[in-house]
Amino acid sequence: MKILKIQTLRGPNYWSIRRHKLIVMRLDLEELADRPSNEIPGFYEGLVQVLPSLVEHFCSPGCRGGFLSRVKEGTLMGHIIEHIALELQILAGSEVGFGRTRETPERGIYHVVVEYKDEQAGRYAVRAAVRLCQSIIDTGSYAQEELEQDLQDLKEMAADAALGPSTETIVKEAEARGIPWTPLSARALVQFGQGVYQKRIQATLSSQTGILGVELASDKESTKQILREAGVPVPRGTVINYLDELADAIADVGGYPIVIKPLDGNHGRGITINITTWEEAEEAYDAAKQVSKAVIVERYYQGRDHRILVVNGKVVAVAERIPAHVVGDGKSTIQELIDETNRDPNRGVGHDNVLTRIELDRTSWQLLEKQGYTLETVLPAEQICYLRATANLSTGGIAVDRTDEIHPENVWIAQRVAKIIGLDIAGIDVVTADITRPLKEMDGVIVEVNAAPGFRMHAAPSRGIARNVGGAVIDMLYPPGTPSRVPILAVTGTNGKTTTTRLLAHIYRQTGVVVGYTTTDGTYIGEFLVEKGDNTGPQSAQLILQDPTVEVAVLEAARGGILRSGLGFDASDVGVILNVAADHLGIADIDTVEKLAHVKSVVAEAIHPNGYAVLNADDPLVSAMTQRTKAQVAYFSMNPESQLIKEHTRSGGIAAVYENGYISILKGDWTIRIEQAVNVPLTMGGRAPFMIANALAASLAAFVQGVDVDVIRSAIKTFRASSNQTPGRMNLFNLGNYHALIDYAHNPHSYEALGGFVRSWPGERIGVVGGPGDRRDEDFVQLGKLAAQMFDRIIVKEDDDNRGRERGDGARLIIEGIKQTKPDFNYETILDETKAINTALDSATVNSLVVILPETVSRAVSLIEARNPIPDAVQQP
Ligand code: ATP
Ligand code: ATP
Ligand code: MG
Ligand code: MG
């Protein structure tokens with residue numbers, strides 16, 4: 001077996017619309033292509049011994065043991081690897097279940113498709129599955145240590161990529177509400193929503209959290225000062241910088257017991273509480289000094305430790321925090337009890353699990369000493385031994401929910417405190433003997449206010465009700481009724497995507513919004529080019545959707561990107577499918593137009609149910625997508641008599657048709673005429689039928705999104721296919737006594753479309769033709785045939801980049817096609833593109849049209865520009 005390629009899909013894709021996270025492995029079974037599992041001695045037994053849990057895979061028999069029975073009866077290795085890759089991830093703790101294995105057009109080569117939770121782990125799992133299988137084939141088994149190492153690696157990869165527990169509670173809630181989210185590459189930022197509606201969080205800081213509030217909260221002394229002045233109970237205390245100030249400070253706060261802590265510490269670091277002697281005080285001072293330059297000396301307040309969480313001005317959860325401790329059983333030593341407690345799988349390291357393992361520090365030894373214990377003491381049954389002085393979860397403490405018990409006056413104080421400090425999300429630490437009674441009564445105090453408080457004590461308390469605190473944050477970021485998504489219009493098809501995308505963006509621009517759009521030429525926001533290049537993949541889509549100024553996204557979705565990584569969005573509002581014709585066949589294992597249609601139908605399927613699929617009624621492969629989409633359907637057609645259109649509008653549907661020279665919308669019984677095609681420059685005076693089709697599609701897409709007809713009209717009248725607006729798309733240049741046309745047509749379907757226009761040219765028609773080297777031989781022949789039908793004279797050229805094809809080979813095939821159609825046709829071969837173009841232009845006759853199908857549009861344009869075309873005649877033949 002040989003792994004040929006591993007791809008990671010992240011959006012709706014060819015294999016599944018709903019499952020976005022898939023690994024696609026292209027696997028050559030080699031000699032195993034003809035050897036099902038039952039013909040490999042010992043394979044079944046070996047597999048069962050290595051991975052007995054595969055018995056849980058139902059597979060096609062639909063029952064427990066179903067998959068293993070298939071292995072026993074005989075199934076191919078691709079299928080087995082799929083199941084193993086899933087099982088390895090399951091054993092490492094990831095919930096995955098979706099898999100597919102299909103043969104590619106190449107014999108013995110399979111696509112093994114496997115779901116993942118973590119990308120890196122997913123890729124690792126498919127490789128490990130191949131390794132494991134190969135080992136069982138070769139040796140009858142797979143070493144236990146190897147398997148354990150694989151699982152360990154998988155777990156670590158998943159843990160490394162996992163969100164923090166607080167972030168995760170917020171993200172989960174966003175997901176439940178259908179709000180899109182995406183991790184940003186920097187600083188553990190997470191973005192919710194799209195375009196102008198985006199919001200961000202970083203742990204529990206939000207994009208609405210003010211920097212002044214955060215800085216104030218992290219300065220404990222200033223926080224207390226401001227709160228004290230507002231009449232909020234805070235500990236009596238003072239700040240010192242030198243040891244010789246300590247004695248006075250202790251006297252200042254009223255003597256022992258006291259607390260010493262760093263001025264700007266957190267997570268309980270460097271804090272000593274309940275200090276009752278000068279020796280302890282000195283030691284505590286040193287500990288605090290290690291964390292911070294300045295040190296707080298405070299009165300110690302007896303009581304229990306509480307955390308009150310305030311989000312958006314409201315108390316949303318209250319937890320009591322109990323310091324790390326163990327409870328005796330009369331048999332075990334304290335050390336044994338600690339080890340036992342730490343074995344709890346819920347306890348992790350630091351903040352990455354629900355609870356944290358108990359680790360002993362300086363204060364622990366002091367505490368043990370005070371209680372008269374050592375680690376070897378056998379603790380009497382029911383006796384509690386505290387191991388840490390402070391109750392931070394990150395030092396092994398536990399949390400008990402008290403949200404329903406807090407006294408209303410304390411609620412009022414907490415809410416007021418969050419406002420005074422200026423935090424939208426605040427964790428307020430309160431020490432009081434009883435949270436159900438007013439602080440005043442209990443001599444309770446607010447010891448500090450935390451910005452970016454942890455959520456795990458509320459979302460997953462050790463005892464009591466779990467509180468949906470993530471929901472409170474989402475409520476704040478997206479109050480009910482607030483949009484989180486910008487309209488997305490996705491455009492696909494074999495030909496006309498870029499033109500239609502640009503026209504649609506142009507229409508939207510007339511409505512005054514900022515449009516972000518991606519095409520094969522580049523990524524644009526508003527009037528400006530962000531990035532040049534073939535930007536029709538998911539990354540460019542993400543760039544647009546992450547841009548904070550974008551109000552509408554129009555995205556060209558090409559075959560390559562869909563196959564390589566899936567769509568860059570989960571669902572669009574409008575999906576336009578222009579046409580499906582033979583192009584790129586044989587590339588990426590797509591060898592029939594039906595499969596190509598399936599690739600394009602991903603766009604039709606990934607539309608919100610209340611959105612629209614805009615489908616070409618004249619293309620059976622496209623109109624058939626009606627069956628696949630859950631969205632509403634609107635059709636466009638060049639034929640107003642189309643049966644499909646008639647039936648559709650009769651039942652109240654919306655359509656766009658070309659009727660009596662007009663681009664019109666049909667809605668039920670009504671015809672809304674948008675504009676005469678002759679007044680739409682893109683259609684070259686109405687002479688380029690395929691451009692009329694593109695205009696119909698764009699107008700219809702805008703119409704179903706509620707764009708005003710007047711806006712659509714003025715937009716299609718002002719959109720010009722000039723070489724700078726749509727380079728390479730029907731760019732016509734007036735060169736005085738002849739014209740030149742640059743077009744990007746590069747497959748039979750677009751040649752035919754172009755032919756519709758060229759044949760109507762009154763003078764001589766000269767073609768400069770060639771095609772990309774990675775197309776099939778028959779495509780080149782076909783191009784030759786079509787070219788012979790539309791031109792009077794042809795110069796055959798080749799691309800500079802032959803994409804693996806031998807020089808001269810493409811030209812030879814085109815000529816073969818020409819000769820098959822017209823044996824004594826007038827052609828010449830000039831492989832060099834520049835030379836070919838110049839020769840054609842030099843030899844152009846009066847009133848002729850030189851049609852150039854270049855590899856590089858910009859070079860062709862500059863060759864023509866050098867001949868000083870007459871400006872502004874661009875769109876008027
Ligand atoms: P975190 O960041 O986890 O909230 P921290 O390092 O910022 O902790 P504080 O919140 O100031 O530190 O103190 C930690 C704990 O120590 C408090 O929750 C409380 O239990 C206890 N504590 C602090 N100051 C006092 C005090 N003056 N009287 C009694 N207990 C105190
Ligand atoms: P690509 O796959 O290169 O990105 P595209 O789908 O974006 O192409 P455009 O760049 O808009 O398509 O147009 C390329 C060429 O295809 C045009 O210059 C024209 O020759 C032809 N074409 C455009 N629209 C259509 C159409 N609706 N039907 C057939 N051919 C078309
Ligand atoms: Mg605290
Ligand atoms: Mg394009």
# chains A, B, ... in the order shown; residues from 1 in each chain; ligands from 1
>>> residues_around(residues="region 250-255 of chain A", least_positions_apart="6", cutoff="7 Å", atoms="only C-alpha atoms", output="list in words")
Arg236, Gly237, Val297, Glu298 and Arg299 of chain A
>>> closest_atom_pairs(of="chain A", to="ligand 1", cutoff="9 Å", atoms="only C-alpha atoms and all ligand atoms", output="CSV")
residue,atom,partner,partner_atom_place_in_ligand_line,distance
A:Ser218,CA,ligand 1,7 (O),8.3
A:Lys220,CA,ligand 1,11 (O),7.4
A:Val234,CA,ligand 1,27 (N),8.2
A:Pro235,CA,ligand 1,27 (N),5.3
A:Arg236,CA,ligand 1,27 (N),7.7
A:Gly237,CA,ligand 1,27 (N),8.0
A:Ile258,CA,ligand 1,27 (N),7.1
A:Val259,CA,ligand 1,27 (N),5.5
A:Ile260,CA,ligand 1,24 (N),7.8
A:Lys261,CA,ligand 1,11 (O),7.0
A:Pro262,CA,ligand 1,6 (O),7.9
A:Leu263,CA,ligand 1,11 (O),8.6
A:Asp264,CA,ligand 1,7 (O),7.5
A:Gly265,CA,ligand 1,6 (O),5.0
A:Asn266,CA,ligand 1,6 (O),3.2
A:His267,CA,ligand 1,3 (O),3.6
A:Gly268,CA,ligand 1,6 (O),3.2
A:Arg269,CA,ligand 1,6 (O),5.2
A:Gly270,CA,ligand 1,6 (O),7.4
A:Ile271,CA,ligand 1,6 (O),6.7
A:Thr272,CA,ligand 1,16 (O),7.7
A:Ile273,CA,ligand 1,31 (C),6.1
A:Asn274,CA,ligand 1,29 (C),7.2
A:Val297,CA,ligand 1,27 (N),8.3
A:Glu298,CA,ligand 1,27 (N),5.2
A:Arg299,CA,ligand 1,27 (N),5.2
A:Tyr300,CA,ligand 1,28 (N),3.8
A:Tyr301,CA,ligand 1,28 (N),3.9
A:Gln302,CA,ligand 1,29 (C),5.9
A:Gly303,CA,ligand 1,29 (C),7.0
A:Arg304,CA,ligand 1,20 (O),7.0
A:Asp305,CA,ligand 1,20 (O),4.7
A:His306,CA,ligand 1,18 (O),7.0
A:Arg307,CA,ligand 1,18 (O),7.7
A:Arg321,CA,ligand 1,20 (O),8.0
A:Ile322,CA,ligand 1,20 (O),8.7
A:Pro323,CA,ligand 1,20 (O),8.3
A:Ala389,CA,ligand 1,16 (O),7.3
A:Thr390,CA,ligand 1,16 (O),4.7
A:Ala391,CA,ligand 1,20 (O),5.7
A:Asn392,CA,ligand 1,3 (O),4.9
A:Leu393,CA,ligand 1,3 (O),7.5
A:Ser394,CA,ligand 1,3 (O),7.5
A:Thr395,CA,ligand 1,3 (O),8.9
A:Gly427,CA,ligand 1,4 (O),8.0
A:Ile428,CA,ligand 1,4 (O),8.1
A:Asp429,CA,ligand 1,18 (O),5.6
A:Val430,CA,ligand 1,18 (O),7.0
A:Val431,CA,ligand 1,30 (N),6.1
A:Thr432,CA,ligand 1,29 (C),8.6
A:Val445,CA,ligand 1,27 (N),7.9
A:Ile446,CA,ligand 1,27 (N),8.6
A:Val447,CA,ligand 1,24 (N),5.3
A:Glu448,CA,ligand 1,10 (O),5.4
A:Val449,CA,ligand 1,10 (O),7.6
A:Asn450,CA,ligand 1,4 (O),6.4
A:Pro453,CA,ligand 1,4 (O),7.9
A:Gly454,CA,ligand 1,3 (O),8.8
>>> residues_near_ligand(ligand="ligand 2", cutoff="6 Å", atoms="only C-alpha atoms and all ligand atoms", output="list in words")
Thr494, Asn495, Gly496, Lys497, Thr498, Thr499, Thr520, Phe690, Met691, Ala693, Asn694, Arg729, Met730, Asp743, Tyr744, Ala745, His749, Ser750, Ala753 and Leu754 of chain A
>>> write_last_selection(atoms="C-alpha atoms", output="short mmCIF file (atom, residue, chain, number, x, y, z; two decimals), in the first residue's frame")
data_model
loop_
_atom_site.label_atom_id
_atom_site.label_comp_id
_atom_site.auth_asym_id
_atom_site.auth_seq_id
_atom_site.Cartn_x
_atom_site.Cartn_y
_atom_site.Cartn_z
CA THR A 494 -17.92 25.84 -15.51
CA ASN A 495 -17.95 29.20 -17.28
CA GLY A 496 -18.90 32.72 -16.37
CA LYS A 497 -18.18 32.58 -12.63
CA THR A 498 -15.84 35.54 -12.50
CA THR A 499 -18.01 37.68 -14.74
CA THR A 520 -9.92 34.01 -10.18
CA PHE A 690 -23.78 33.80 -22.81
CA MET A 691 -23.21 37.24 -21.30
CA ALA A 693 -27.23 34.54 -19.38
CA ASN A 694 -24.69 35.78 -16.83
CA ARG A 729 -13.52 38.42 -20.32
CA MET A 730 -14.66 39.56 -23.75
CA ASP A 743 -11.09 36.25 -24.02
CA TYR A 744 -10.24 33.60 -21.54
CA ALA A 745 -12.36 30.85 -23.09
CA HIS A 749 -18.32 25.03 -23.77
CA SER A 750 -16.91 28.54 -23.54
CA ALA A 753 -20.34 30.48 -26.31
CA LEU A 754 -17.70 32.73 -27.78
#
>>> closest_atom_pairs(of="chain A", to="ligand 4", cutoff="12 Å", atoms="only C-alpha atoms and all ligand atoms", output="tab-separated table")
residue	atom	partner	partner_atom_place_in_ligand_line	distance
A:Val491	CA	ligand 4	1 (Mg)	9.6
A:Thr492	CA	ligand 4	1 (Mg)	8.8
A:Gly493	CA	ligand 4	1 (Mg)	9.3
A:Thr494	CA	ligand 4	1 (Mg)	8.8
A:Asn495	CA	ligand 4	1 (Mg)	7.5
A:Gly496	CA	ligand 4	1 (Mg)	6.9
A:Lys497	CA	ligand 4	1 (Mg)	5.1
A:Thr498	CA	ligand 4	1 (Mg)	4.0
A:Thr499	CA	ligand 4	1 (Mg)	7.3
A:Thr500	CA	ligand 4	1 (Mg)	9.1
A:Thr501	CA	ligand 4	1 (Mg)	8.5
A:Arg502	CA	ligand 4	1 (Mg)	9.8
A:Tyr517	CA	ligand 4	1 (Mg)	11.8
A:Thr518	CA	ligand 4	1 (Mg)	9.1
A:Thr519	CA	ligand 4	1 (Mg)	5.5
A:Thr520	CA	ligand 4	1 (Mg)	4.3
A:Asp521	CA	ligand 4	1 (Mg)	7.2
A:Gly522	CA	ligand 4	1 (Mg)	9.5
A:Thr523	CA	ligand 4	1 (Mg)	11.6
A:Gly533	CA	ligand 4	1 (Mg)	10.6
A:Asp534	CA	ligand 4	1 (Mg)	7.9
A:Asn535	CA	ligand 4	1 (Mg)	8.9
A:Thr536	CA	ligand 4	1 (Mg)	7.6
A:Gly537	CA	ligand 4	1 (Mg)	11.1
A:Leu555	CA	ligand 4	1 (Mg)	10.4
A:Glu556	CA	ligand 4	1 (Mg)	6.9
A:Ala557	CA	ligand 4	1 (Mg)	8.5
A:Ala558	CA	ligand 4	1 (Mg)	7.4
A:Arg559	CA	ligand 4	1 (Mg)	10.3
A:Gly560	CA	ligand 4	1 (Mg)	11.2
A:Gly561	CA	ligand 4	1 (Mg)	11.9
A:Leu578	CA	ligand 4	1 (Mg)	11.9
A:Thr726	CA	ligand 4	1 (Mg)	10.0
A:Pro727	CA	ligand 4	1 (Mg)	10.6
A:Gly728	CA	ligand 4	1 (Mg)	10.0
A:Arg729	CA	ligand 4	1 (Mg)	9.6
A:Tyr744	CA	ligand 4	1 (Mg)	9.4
A:Ala745	CA	ligand 4	1 (Mg)	10.6
A:His746	CA	ligand 4	1 (Mg)	11.3
>>> closest_residue(among="A:Ser141, A:Gln820, A:Thr167, A:Gln546", to="Phe43 (chain A)", atoms="only C-alpha atoms")
A:Ser141
>>> atom_distance(atom1="CA of Glu855 (chain A)", atom2="CA of Pro748 (chain A)")
15.9 Å
>>> select_by_dssp(residues="region 606-716 of chain A", states="alpha helix (DSSP H)", output="PyMOL selection string")
chain A and resi 620-623+643-650+689-704+709-716
>>> residues_around(residues="region 571-577 of chain A", least_positions_apart="6", cutoff="7 Å", atoms="only C-alpha atoms", output="ChimeraX atom specification")
/A:487-493,603-604,606-608,611-616,622,701
>>> write_last_selection(atoms="all heavy atoms", output="compact mmCIF listing (two decimals), in the first residue's frame")
# COMPACT_ATOMS: atom_id res chain seq x y z
N PRO A 487 -24.84 38.53 4.40
CA PRO A 487 -25.33 37.74 3.27
C PRO A 487 -24.15 37.20 2.46
O PRO A 487 -23.21 37.95 2.17
CB PRO A 487 -26.14 38.74 2.44
CG PRO A 487 -26.46 39.85 3.38
CD PRO A 487 -25.34 39.90 4.37
N ILE A 488 -24.21 35.92 2.14
CA ILE A 488 -23.17 35.31 1.29
C ILE A 488 -23.82 34.87 -0.01
O ILE A 488 -24.83 34.15 0.01
CB ILE A 488 -22.54 34.09 1.98
CG1 ILE A 488 -21.84 34.50 3.28
CG2 ILE A 488 -21.54 33.39 1.03
CD1 ILE A 488 -21.24 33.33 4.06
N LEU A 489 -23.26 35.31 -1.13
CA LEU A 489 -23.73 34.84 -2.43
C LEU A 489 -22.58 34.10 -3.07
O LEU A 489 -21.50 34.67 -3.26
CB LEU A 489 -24.18 36.02 -3.30
CG LEU A 489 -25.37 36.81 -2.71
CD1 LEU A 489 -24.90 38.02 -1.94
CD2 LEU A 489 -26.34 37.22 -3.80
N ALA A 490 -22.79 32.82 -3.32
CA ALA A 490 -21.71 32.00 -3.88
C ALA A 490 -22.03 31.71 -5.35
O ALA A 490 -23.18 31.46 -5.70
CB ALA A 490 -21.59 30.70 -3.11
N VAL A 491 -21.02 31.79 -6.19
CA VAL A 491 -21.23 31.59 -7.63
C VAL A 491 -20.34 30.46 -8.12
O VAL A 491 -19.13 30.47 -7.90
CB VAL A 491 -20.88 32.88 -8.41
CG1 VAL A 491 -21.08 32.66 -9.91
CG2 VAL A 491 -21.73 34.05 -7.92
N THR A 492 -20.96 29.47 -8.77
CA THR A 492 -20.14 28.43 -9.37
C THR A 492 -20.69 28.07 -10.75
O THR A 492 -21.73 28.59 -11.18
CB THR A 492 -20.02 27.20 -8.46
OG1 THR A 492 -18.95 26.39 -8.93
CG2 THR A 492 -21.30 26.37 -8.45
N GLY A 493 -19.98 27.17 -11.42
CA GLY A 493 -20.34 26.80 -12.79
C GLY A 493 -19.05 26.54 -13.52
O GLY A 493 -17.96 26.75 -12.98
N VAL A 603 -22.32 23.62 -3.86
CA VAL A 603 -22.76 25.01 -3.66
C VAL A 603 -24.28 25.08 -3.55
O VAL A 603 -24.83 25.83 -2.74
CB VAL A 603 -22.25 25.91 -4.82
CG1 VAL A 603 -22.84 27.30 -4.73
CG2 VAL A 603 -20.72 25.96 -4.80
N ALA A 604 -24.97 24.26 -4.35
CA ALA A 604 -26.44 24.27 -4.30
C ALA A 604 -26.96 23.67 -3.00
O ALA A 604 -28.00 24.07 -2.49
CB ALA A 604 -27.00 23.50 -5.49
N ALA A 606 -25.27 23.64 -0.04
CA ALA A 606 -24.87 24.40 1.15
C ALA A 606 -25.49 25.80 1.12
O ALA A 606 -24.81 26.80 1.15
CB ALA A 606 -23.35 24.47 1.24
N ILE A 607 -26.82 25.83 1.03
CA ILE A 607 -27.56 27.10 1.07
C ILE A 607 -28.53 27.00 2.24
O ILE A 607 -29.11 25.94 2.46
CB ILE A 607 -28.35 27.35 -0.23
CG1 ILE A 607 -27.43 27.27 -1.45
CG2 ILE A 607 -29.07 28.70 -0.20
CD1 ILE A 607 -28.17 27.33 -2.79
N HIS A 608 -28.70 28.09 2.99
CA HIS A 608 -29.70 28.09 4.07
C HIS A 608 -31.06 27.70 3.49
O HIS A 608 -31.40 28.14 2.38
CB HIS A 608 -29.84 29.48 4.69
CG HIS A 608 -28.64 29.91 5.44
ND1 HIS A 608 -28.19 29.25 6.54
CD2 HIS A 608 -27.79 30.94 5.24
CE1 HIS A 608 -27.10 29.86 6.99
NE2 HIS A 608 -26.82 30.88 6.22
N GLY A 611 -32.84 30.42 2.02
CA GLY A 611 -32.14 31.14 0.96
C GLY A 611 -32.58 30.63 -0.41
O GLY A 611 -33.58 29.91 -0.53
N TYR A 612 -31.82 31.02 -1.44
CA TYR A 612 -32.21 30.65 -2.81
C TYR A 612 -31.08 29.96 -3.58
O TYR A 612 -29.93 30.39 -3.50
CB TYR A 612 -32.60 31.90 -3.60
CG TYR A 612 -34.06 32.25 -3.48
CD1 TYR A 612 -34.50 33.14 -2.51
CD2 TYR A 612 -35.00 31.68 -4.34
CE1 TYR A 612 -35.84 33.47 -2.38
CE2 TYR A 612 -36.34 32.00 -4.23
CZ TYR A 612 -36.76 32.88 -3.25
OH TYR A 612 -38.08 33.19 -3.14
N ALA A 613 -31.48 28.93 -4.33
CA ALA A 613 -30.57 28.37 -5.32
C ALA A 613 -30.97 29.00 -6.65
O ALA A 613 -32.13 28.90 -7.06
CB ALA A 613 -30.73 26.86 -5.39
N VAL A 614 -30.04 29.70 -7.29
CA VAL A 614 -30.31 30.31 -8.59
C VAL A 614 -29.73 29.37 -9.65
O VAL A 614 -28.52 29.22 -9.76
CB VAL A 614 -29.69 31.73 -8.66
CG1 VAL A 614 -29.72 32.26 -10.08
CG2 VAL A 614 -30.44 32.67 -7.72
N LEU A 615 -30.62 28.71 -10.38
CA LEU A 615 -30.19 27.62 -11.26
C LEU A 615 -30.50 27.91 -12.72
O LEU A 615 -31.53 28.51 -13.04
CB LEU A 615 -30.90 26.32 -10.85
CG LEU A 615 -30.73 25.86 -9.40
CD1 LEU A 615 -31.51 24.58 -9.15
CD2 LEU A 615 -29.25 25.66 -9.06
N ASN A 616 -29.62 27.44 -13.58
CA ASN A 616 -29.79 27.59 -15.02
C ASN A 616 -30.80 26.54 -15.53
O ASN A 616 -30.53 25.35 -15.51
CB ASN A 616 -28.42 27.39 -15.69
CG ASN A 616 -28.48 27.65 -17.19
OD1 ASN A 616 -29.57 27.75 -17.77
ND2 ASN A 616 -27.32 27.76 -17.80
N VAL A 622 -27.73 21.29 -14.30
CA VAL A 622 -27.92 22.31 -13.27
C VAL A 622 -29.35 22.29 -12.73
O VAL A 622 -29.56 22.29 -11.51
CB VAL A 622 -27.57 23.72 -13.81
CG1 VAL A 622 -27.86 24.78 -12.75
CG2 VAL A 622 -26.11 23.77 -14.23
N ALA A 701 -30.13 36.75 -8.75
CA ALA A 701 -29.55 36.55 -7.41
C ALA A 701 -29.77 37.79 -6.55
O ALA A 701 -30.13 37.69 -5.37
CB ALA A 701 -28.06 36.23 -7.52
